[in-house]
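Asks: Take this structure, written in structure tokens, and hold onto it; I'll ask about it next.
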Amino acid sequence: MDADWDDTPEFPFSERDTNVLHVIEEEDLASFAFEGLKRRLRVHPETLSRVLYRLKDHGIVEKGVEGYRVTSKAKKFLKLHSFNTKAPSMHLLQTLLPPDVPTQHVVSNLKGKWFGVLRWLGYSENSESVTLKWITEDGGTIIAANFQCGQLKISAKMLWEKDLNVALQASYQLMGYIAKLISGVGRNQMAYFSLFDPNRLSA
């Protein structure tokens, strides 16, 4: 039954539906928030509500306690119909996490949180890592925190806002909150360094 994914009558997606699917694939989202997706797409909330209702009706997304979740049916569809138009990301910060602090503790306390200009977008995960994502209030920049093998990397993706200061300030604000979470659990201090090279701005 799942083999005929090219049968468009079964999935009569509109252009707006496809735009939502495009963002879900580009951000590799397993779960996402309505407000975050609205800012990412820059659409009216009623428009997004109608799209999500249709996708939910087709079994592409489902409503959960953490927001909207992408179903296995959607993952298969996106794998077969890839859009392949991902915007590049810029690595800004990297650190080693204290070994006595469970990564899951940090991740669970970050999900769904807002920080200054950052609004919760969603997360992706696999057997090796989890990536949490936020978007600025104006929808111009996405900040991602990737946890993998005891390391934390924070990166930024400039969508239409090209002010790097916004991304840097948001990244350090996020890192500061993570440091507070860690200091509340373990006694080890966390030192971090920047991966940002200002010379790349002239490239």
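Naming works like this for the structure tokens: A, B, ... for the chains as they're shown, residue 1 at the start of each chain, ligands 1 onward in shown order.
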Pick out each residue of stretch 16-77 of chain A that DSSP on the backbone tags as strand (DSSP E); I need them as a list in words.
Replies: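 Residues meeting the strand (DSSP E) criterion: Ser31, Phe32, Val61, Glu62, Lys63, Gly64, Gly67, Tyr68, Arg69 and Val70 of chain A.
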Asks: Restricted to N, CA and C atoms, what would the selected residues look like written as a compact mmCIF listing (two decimals), in the first residue's frame?
Replies:
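Here's the written file out.txt:
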# COMPACT_ATOMS: atom_id res chain seq x y z
N SER A 31 9.88 16.95 15.14
CA SER A 31 8.82 17.60 15.89
C SER A 31 9.01 19.10 15.75
N PHE A 32 7.90 19.85 15.69
CA PHE A 32 8.03 21.29 15.53
C PHE A 32 6.87 22.01 16.19
N VAL A 61 1.41 14.62 9.41
CA VAL A 61 1.81 15.10 10.74
C VAL A 61 0.73 14.68 11.74
N GLU A 62 1.09 14.73 13.00
CA GLU A 62 0.14 14.45 14.06
C GLU A 62 0.41 15.38 15.23
N LYS A 63 -0.61 15.71 15.97
CA LYS A 63 -0.47 16.63 17.11
C LYS A 63 -0.07 15.83 18.34
N GLY A 64 0.98 16.31 19.03
CA GLY A 64 1.47 15.64 20.22
C GLY A 64 1.68 16.64 21.34
N GLY A 67 4.03 19.50 20.45
CA GLY A 67 3.70 20.23 19.25
C GLY A 67 3.29 19.26 18.16
N TYR A 68 3.74 19.49 16.95
CA TYR A 68 3.44 18.60 15.82
C TYR A 68 4.59 17.65 15.59
N ARG A 69 4.26 16.40 15.37
CA ARG A 69 5.26 15.39 15.06
C ARG A 69 5.11 14.94 13.61
N VAL A 70 6.25 14.64 12.99
CA VAL A 70 6.26 14.14 11.63
C VAL A 70 6.13 12.62 11.67
Asks: Which distance in Å separates atom CA of A:Ser89 and atom CA of A:Ser155, to one decimal?
Replies: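 Going from atom CA of A:Ser89 over to atom CA of A:Ser155, I get 6.4 Å.
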Asks: Quick one: everything within 9 Å of A:Ala30, counting only C-alpha atoms, minus sequence neighbours fewer than 4 positions away in the same chain. Send it as a list in words.
Replies: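 Returned residues: Ile24, Tyr68, Arg69, Val70, Thr71, Lys75, Gly122, Tyr123, Ser124 and Glu125 of chain A.
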Asks: Output the selection as a PDB file, in the first residue's frame - C-alpha atoms for each residue.
Replies:
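Written file, again-v4.pdb:
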ATOM      1  CA  ILE A  24      10.100  20.096   7.331  1.00  0.00           C
ATOM      2  CA  TYR A  68       3.438  18.603  15.823  1.00  0.00           C
ATOM      3  CA  ARG A  69       5.262  15.390  15.058  1.00  0.00           C
ATOM      4  CA  VAL A  70       6.263  14.142  11.627  1.00  0.00           C
ATOM      5  CA  THR A  71       4.926  10.646  10.998  1.00  0.00           C
ATOM      6  CA  LYS A  75       9.475  10.565   6.358  1.00  0.00           C
ATOM      7  CA  GLY A 122      11.643  22.089  16.703  1.00  0.00           C
ATOM      8  CA  TYR A 123      14.161  19.270  16.776  1.00  0.00           C
ATOM      9  CA  SER A 124      15.573  16.353  14.843  1.00  0.00           C
ATOM     10  CA  GLU A 125      17.272  13.240  16.193  1.00  0.00           C
TER      11      GLU A 125
END
Asks: Determine, counting only C-alpha atoms, which protein, DNA and RNA residues have an atom within 12 Å of an atom of A:Gly116; residues of the same chain fewer than 4 positions away are not included. Present the result as a list of chain:residue names.
Replies: A:Trp120, A:Trp134, A:Ile135, A:Thr136, A:Glu137, A:Val166, A:Ala167, A:Gln169, A:Ala170, A:Ser171, A:Tyr172, A:Gln173, A:Leu174, A:Gly176, A:Tyr177
Asks: For the atom pair atom CA of A:Met158 and atom CA of A:Gly139, what is the interatomic distance in Å to one decimal place?
Replies: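 One can read the atom CA of A:Met158 to atom CA of A:Gly139 distance as 9.5 Å.
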Asks: Nearest to A:Ser183: which of A:Val101, A:Ala144, A:Ala156, A:Leu168 is it, counting only C-alpha atoms?
Replies: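 Smallest separation from A:Ser183 among the options: A:Val101.
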Asks: For a quick check of understanding, using only C-alpha atoms, which of A:Val130, A:Leu55, A:Val23, A:Leu29 has the smallest distance to A:Thr103?
Replies: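 Smallest separation from A:Thr103 among the options: A:Val130.
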Asks: So which residues touch A:Leu48 within 10 Å, counting only C-alpha atoms, skipping near sequence neighbours fewer than 3 positions away, as JSON, numbers by chain?
Replies: {"A": [16, 17, 20, 34, 35, 37, 38, 41, 42, 43, 44, 45, 51, 52, 53, 54]}
Asks: Would you mind exporting C-alpha atoms of the selected residues as a PDB file, in the first residue's frame?
Replies:
ATOM      1  CA  ARG A  16       1.279  25.880   0.356  1.00  0.00           C
ATOM      2  CA  ASP A  17       1.251  22.256   1.509  1.00  0.00           C
ATOM      3  CA  VAL A  20       5.451  23.281   4.570  1.00  0.00           C
ATOM      4  CA  PHE A  34       3.302  26.006  15.308  1.00  0.00           C
ATOM      5  CA  GLU A  35       4.708  29.447  16.188  1.00  0.00           C
ATOM      6  CA  LEU A  37       7.020  27.108  11.740  1.00  0.00           C
ATOM      7  CA  LYS A  38       4.858  30.184  11.194  1.00  0.00           C
ATOM      8  CA  LEU A  41       7.400  30.232   6.546  1.00  0.00           C
ATOM      9  CA  ARG A  42       6.324  33.846   7.187  1.00  0.00           C
ATOM     10  CA  VAL A  43       2.674  32.995   6.636  1.00  0.00           C
ATOM     11  CA  HIS A  44      -0.576  33.984   8.346  1.00  0.00           C
ATOM     12  CA  PRO A  45      -1.465  31.665  11.258  1.00  0.00           C
ATOM     13  CA  VAL A  51      -2.265  23.440   5.827  1.00  0.00           C
ATOM     14  CA  LEU A  52      -1.445  21.487   8.984  1.00  0.00           C
ATOM     15  CA  TYR A  53      -5.040  20.305   9.192  1.00  0.00           C
ATOM     16  CA  ARG A  54      -4.795  18.902   5.654  1.00  0.00           C
TER      17      ARG A  54
END
Asks: Which of these, A:Asn146, A:Thr47, A:Glu66, A:Trp160, has the shortest distance to A:Asn126 once you count only C-alpha atoms?
Replies: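 Answer, going by the shortest atom-to-atom distance: A:Asn146.
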